[in-house]
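Colleague: Sharing a structure below in structure tokens format, with a few things to ask.
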Amino acid sequence: MKRIMINGRYRSHIQTGMQNYAAELTARMQGRVETISPARSLKGAQGHLWEQLFLPMKARRSLLWSPNNTGPLAARHQVCTFHDLFPIEHPDWYSADFARLYAWLLPMLVKRVAHMIAVSHYTKQSLMKRLGVPADKITVIHNGVGDQYRRRSPEEISAARARLGIDFERYVVTVGSAGRRKNLSKLLEAWPKISKSVPDLGLVVAGHKCKVRSLSQTDFSDIPERTYFTDYVPQELLPALYSGATSIIHPTLGEGFGLPPLEAMACGTPAIVSMNTALPEVVGDAAIGIDPHDVDSIADAVIRMVSSSELQQEHRRRGKRRAAMFSWKQCAEQTWKVLEAFA
């Protein structure tokens, strides 16, 4: 069997969804793989140049696994994990340069790699429909939920709130910083109606503030009252942040998988999510669904959830049961079988 090497470019980025995926699986493959990472943090054009020029030389005579949507075009003996095709499907969600790069790169990449892993059936269908990839060249392997995502104690919740500067006794949390795709503008538009009905409720927006501001269509000059931005939340604080929330709301316009609602559900937090793209596949019947384009749909779902202890309790039970179906251990085992087959 050939050596298996991992494209470690993801280590140059703040650890969020795709980077969590790579880190979780790489940790479970230690001793069987070698990770090739840049000697220093390389982002943007420098990161792409490293990936396209330097990485293929290091990975010669090996099977390369690229876990984060891109990979070197010169490495044909490569398995690539695709999380979504949104830069091609919705270029307006991204900067013009980013969208142009991926519109050029991805169609060529899928023709060159030996095999692809898709994190959802939705993403597999996108690869087939948008880029003409044959079905037998794609294996669907769902993401997992880390063991750290479990209900936290009141003391841990209070400590996390203090570190993050959250003053609300009751709050709804939304997690993510990908700008337009996360649809923050509609949630903020709905918030005055929610506050009028539930005046003691706060909204916590957890995510990288500069990215939200630069890529969002939100008017940040008029933020509703009882709204708080935490900026980036360290991974170790997320379980307590979720546990302290009355509900998580995920009004996104699109997800290739959707980790935040699943992580929150594992912590016993009721979920409200958009019923689009991969989210119905992930949450099943364990969350309240919304139309992310409809402000009233968003507001009514939040009011309904936070005003009913019975509804919250029911969705806590459903959410925990659903989240237990996804594990990184299982994801890593299935991924290893694919890598082993192509090595």
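Please note that chains go A, B, ... in the order of the structure tokens, that every chain numbers its residues from 1, and that ligands are numbered from 1 in the order shown.
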Neighbours of Gly289 of chain A within 6 Å (only C-alpha atoms; same-chain residues fewer than 3 positions away dropped), as a list in words?
Modeller: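 Counting only C-alpha atoms, the residues come to Ile272, Val273, Ser274 and Met275 of chain A.
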Colleague: Next, dump the selected residues to file, keeping only C-alpha atoms, as a PDB file, in the first residue's frame.
Modeller:
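Once written, again.pdb looks like this:
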ATOM      1  CA  ILE A 272     -34.458  26.234  14.498  1.00  0.00           C
ATOM      2  CA  VAL A 273     -33.013  25.802  11.011  1.00  0.00           C
ATOM      3  CA  SER A 274     -33.581  26.661   7.365  1.00  0.00           C
ATOM      4  CA  MET A 275     -35.187  23.788   5.518  1.00  0.00           C
TER       5      MET A 275
END
Colleague: How close does each residue of segment 64-135 of chain A get to segment 8-12 of chain A, giving the shortest atom pair and distance in Å to one decimal for every residue with an atom at most 12 Å away, counting only C-alpha atoms, sorted by chain and residue number, as a tab-separated table?
Modeller:
residue	atom	partner	partner_atom	distance
A:Leu64	CA	A:Gly8	CA	10.4
A:Trp65	CA	A:Gly8	CA	9.3
A:Ser66	CA	A:Gly8	CA	7.9
A:Pro67	CA	A:Tyr10	CA	8.2
A:Asn68	CA	A:Tyr10	CA	7.1
A:Asn69	CA	A:Tyr10	CA	10.2
A:Thr70	CA	A:Arg9	CA	9.7
A:Gly71	CA	A:Arg9	CA	9.4
A:Pro72	CA	A:Arg9	CA	11.0
Colleague: Any chance you could export the current selection's N, CA and C atoms as a PDB file, in the first residue's frame?
Modeller:
ATOM      1  N   LEU A  64      -2.616  11.255  -1.901  1.00  0.00           N
ATOM      2  CA  LEU A  64      -2.862  12.508  -1.196  1.00  0.00           C
ATOM      3  C   LEU A  64      -4.354  12.617  -0.887  1.00  0.00           C
ATOM      4  N   TRP A  65      -4.668  12.948   0.362  1.00  0.00           N
ATOM      5  CA  TRP A  65      -6.051  13.261   0.727  1.00  0.00           C
ATOM      6  C   TRP A  65      -6.147  14.747   1.009  1.00  0.00           C
ATOM      7  N   SER A  66      -6.966  15.444   0.229  1.00  0.00           N
ATOM      8  CA  SER A  66      -7.215  16.875   0.435  1.00  0.00           C
ATOM      9  C   SER A  66      -8.592  17.023   1.068  1.00  0.00           C
ATOM     10  N   PRO A  67      -8.677  17.415   2.359  1.00  0.00           N
ATOM     11  CA  PRO A  67      -9.942  17.355   3.080  1.00  0.00           C
ATOM     12  C   PRO A  67     -10.839  18.582   2.980  1.00  0.00           C
ATOM     13  N   ASN A  68     -10.390  19.633   2.278  1.00  0.00           N
ATOM     14  CA  ASN A  68     -11.128  20.896   2.390  1.00  0.00           C
ATOM     15  C   ASN A  68     -11.465  21.567   1.071  1.00  0.00           C
ATOM     16  N   ASN A  69     -12.109  20.839   0.154  1.00  0.00           N
ATOM     17  CA  ASN A  69     -12.708  21.458  -1.046  1.00  0.00           C
ATOM     18  C   ASN A  69     -11.740  21.843  -2.147  1.00  0.00           C
ATOM     19  N   THR A  70     -10.453  21.852  -1.881  1.00  0.00           N
ATOM     20  CA  THR A  70      -9.480  22.159  -2.931  1.00  0.00           C
ATOM     21  C   THR A  70      -8.343  21.155  -2.864  1.00  0.00           C
ATOM     22  N   GLY A  71      -7.542  21.146  -3.907  1.00  0.00           N
ATOM     23  CA  GLY A  71      -6.370  20.284  -3.940  1.00  0.00           C
ATOM     24  C   GLY A  71      -5.521  20.641  -5.133  1.00  0.00           C
ATOM     25  N   PRO A  72      -4.306  20.118  -5.204  1.00  0.00           N
ATOM     26  CA  PRO A  72      -3.417  20.432  -6.321  1.00  0.00           C
ATOM     27  C   PRO A  72      -3.847  19.709  -7.593  1.00  0.00           C
TER      28      PRO A  72
END
Colleague: With a distance cut-off of 12 Å and only C-alpha atoms, select the neighbouring residues of Asn7 of chain A, excluding the residue or stretch itself and same-chain residues fewer than 6 positions from it, and output the selection as a PyMOL selection string.
Modeller: chain A and resi 19+22-23+26+33-38+47-48+50-52+54-56+58-59+62-72+75+78-81
Colleague: Could you work out how far atom CA of Tyr242 of chain A lies from atom CA of Phe86 of chain A, giving the answer in Å with one decimal?
Modeller: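 About the pair atom CA of Phe86 of chain A and atom CA of Tyr242 of chain A: they are 26.7 Å apart.
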Colleague: As a PyMOL selection string, please: the residues near segment 151-161 of chain A (cut-off 10 Å, only C-alpha atoms, same-chain neighbours under 3 positions excluded).
Modeller: chain A and resi 148+164-169+230+233+236-245+264-269+320
Colleague: Excluding Ile88 of chain A and any residue of its chain fewer than 3 positions from it, enumerate the residues within 9 Å of it, using only C-alpha atoms, and give them as a PyMOL selection string.
Modeller: chain A and resi 85+91+99-100+102-103+106+130
Colleague: Convert the current residue selection to file output with C-alpha atoms, as a PDB file, in the first residue's frame.
Modeller:
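Generated file (out_2.pdb):
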ATOM      1  CA  LEU A  85     -20.030  23.927  -4.399  1.00  0.00           C
ATOM      2  CA  PRO A  91     -20.850  33.358  -6.527  1.00  0.00           C
ATOM      3  CA  ALA A  99     -15.668  33.063  -6.849  1.00  0.00           C
ATOM      4  CA  ARG A 100     -13.604  33.381 -10.050  1.00  0.00           C
ATOM      5  CA  TYR A 102     -13.121  28.397  -7.626  1.00  0.00           C
ATOM      6  CA  ALA A 103     -15.109  28.584 -10.871  1.00  0.00           C
ATOM      7  CA  LEU A 106     -13.101  23.031  -9.209  1.00  0.00           C
ATOM      8  CA  ARG A 130     -23.072  21.059 -11.634  1.00  0.00           C
TER       9      ARG A 130
END
Colleague: Between A:Phe326, A:Trp93, A:Tyr228, A:Tyr21, single out the one closest to Val172 of chain A, counting only C-alpha atoms.
Modeller: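 Counting only C-alpha atoms, the residue closest to Val172 of chain A is A:Tyr228.
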Colleague: Which residue out of A:Ser41, A:Thr174, A:Thr252, A:Ser95 has the minimum interatomic distance to Asp294 of chain A when only C-alpha atoms are used?
Modeller: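 So, comparing all the options, the nearest one is A:Thr252.
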Colleague: I need the strand (DSSP E) residues of segment 57-241 of chain A per DSSP on the backbone, written as a ChimeraX atom specification.
Modeller: /A:62-66,78-82,115-118,138-140,170-175,201-206,227-231
Colleague: Would you work out the distance separating atom CA of Leu131 of chain A from atom CA of Glu255 of chain A, expressed in Å to one decimal?
Modeller: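 If I compute the distance from atom CA of Leu131 of chain A to atom CA of Glu255 of chain A, I get 18.1 Å.
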Colleague: Check the smallest atom-to-atom distance from each of A:Val302, A:Ala45, A:His77, A:Ser327 to Arg3 of chain A using only C-alpha atoms, then report the winner.
Modeller: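 Closest to Arg3 of chain A of all the choices is A:His77.
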Colleague: Just to confirm, what's the straight-line distance from atom CA of Arg321 of chain A to atom CA of Arg304 of chain A in Å (one decimal)?
Modeller: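 Spanning atom CA of Arg321 of chain A to atom CA of Arg304 of chain A is a straight-line distance of 21.7 Å.
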Colleague: Show which residues sit within 8 Å of Arg76 of chain A, as a list in words. Count only C-alpha atoms, and ignore same-chain residues fewer than 2 positions away.
Modeller: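 Surrounding residues, per the criterion: Leu73, Ala74, Gln78, Arg112, Val113 and Ala114 of chain A.
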Colleague: For Ala343 of chain A, which residue out of A:Pro134, A:His115, A:Asn20, A:Thr277 is the nearest one, using only C-alpha atoms?
Modeller: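 Using only C-alpha atoms, the shortest distance to Ala343 of chain A belongs to A:His115.
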Colleague: Could you check which of A:Ile138, A:Ile4, A:Ala206, A:Ile248 is closest to Pro270 of chain A, using only C-alpha atoms?
Modeller: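 The shortest atom-to-atom distance to Pro270 of chain A comes from A:Ile248.
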Colleague: As a list in words, please: the residues near Pro199 of chain A (cut-off 12 Å, only C-alpha atoms, same-chain neighbours under 6 positions excluded).
Modeller: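 Residues meeting the cut-off are Phe168, Glu169, Arg170, Tyr171, Trp191, Pro192, Lys193, Glu225, Arg226, Thr227, Ile303, Val306 and Ser307 of chain A.
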Colleague: How about saving the chosen residues, N, CA and C atoms kept, as a PDB file, in the first residue's frame?
Modeller:
ATOM      1  N   PHE A 168     -27.009  38.543  28.834  1.00  0.00           N
ATOM      2  CA  PHE A 168     -28.396  38.081  28.794  1.00  0.00           C
ATOM      3  C   PHE A 168     -28.588  36.818  29.648  1.00  0.00           C
ATOM      4  N   GLU A 169     -29.660  36.797  30.416  1.00  0.00           N
ATOM      5  CA  GLU A 169     -30.025  35.582  31.142  1.00  0.00           C
ATOM      6  C   GLU A 169     -30.607  34.549  30.177  1.00  0.00           C
ATOM      7  N   ARG A 170     -31.399  35.035  29.235  1.00  0.00           N
ATOM      8  CA  ARG A 170     -31.964  34.155  28.207  1.00  0.00           C
ATOM      9  C   ARG A 170     -31.525  34.666  26.845  1.00  0.00           C
ATOM     10  N   TYR A 171     -31.063  33.767  26.009  1.00  0.00           N
ATOM     11  CA  TYR A 171     -30.617  34.207  24.691  1.00  0.00           C
ATOM     12  C   TYR A 171     -30.797  33.088  23.663  1.00  0.00           C
ATOM     13  N   TRP A 191     -35.632  40.510  14.371  1.00  0.00           N
ATOM     14  CA  TRP A 191     -35.444  40.597  15.818  1.00  0.00           C
ATOM     15  C   TRP A 191     -36.377  41.588  16.531  1.00  0.00           C
ATOM     16  N   PRO A 192     -36.667  42.766  15.976  1.00  0.00           N
ATOM     17  CA  PRO A 192     -37.606  43.663  16.671  1.00  0.00           C
ATOM     18  C   PRO A 192     -38.956  43.008  16.939  1.00  0.00           C
ATOM     19  N   LYS A 193     -39.467  42.236  15.997  1.00  0.00           N
ATOM     20  CA  LYS A 193     -40.738  41.534  16.220  1.00  0.00           C
ATOM     21  C   LYS A 193     -40.595  40.507  17.337  1.00  0.00           C
ATOM     22  N   GLU A 225     -31.806  46.385  19.414  1.00  0.00           N
ATOM     23  CA  GLU A 225     -31.473  46.254  20.834  1.00  0.00           C
ATOM     24  C   GLU A 225     -31.443  44.789  21.243  1.00  0.00           C
ATOM     25  N   ARG A 226     -30.693  44.520  22.307  1.00  0.00           N
ATOM     26  CA  ARG A 226     -30.534  43.170  22.857  1.00  0.00           C
ATOM     27  C   ARG A 226     -29.951  42.208  21.817  1.00  0.00           C
ATOM     28  N   THR A 227     -28.964  42.746  21.057  1.00  0.00           N
ATOM     29  CA  THR A 227     -28.182  41.942  20.116  1.00  0.00           C
ATOM     30  C   THR A 227     -26.715  42.106  20.488  1.00  0.00           C
ATOM     31  N   ILE A 303     -40.266  32.864  18.393  1.00  0.00           N
ATOM     32  CA  ILE A 303     -41.264  33.162  19.427  1.00  0.00           C
ATOM     33  C   ILE A 303     -41.939  31.874  19.901  1.00  0.00           C
ATOM     34  N   VAL A 306     -39.232  29.705  22.051  1.00  0.00           N
ATOM     35  CA  VAL A 306     -38.799  30.212  23.356  1.00  0.00           C
ATOM     36  C   VAL A 306     -39.970  30.434  24.311  1.00  0.00           C
ATOM     37  N   SER A 307     -41.197  30.433  23.790  1.00  0.00           N
ATOM     38  CA  SER A 307     -42.371  30.669  24.634  1.00  0.00           C
ATOM     39  C   SER A 307     -42.998  29.381  25.158  1.00  0.00           C
TER      40      SER A 307
END
Colleague: Choose the residue, out of A:Leu203, A:Met116, A:Leu105, A:Val173, that has the smallest atom-to-atom separation from Ala135 of chain A; count only C-alpha atoms.
Modeller: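 Smallest distance to Ala135 of chain A is found for A:Met116.
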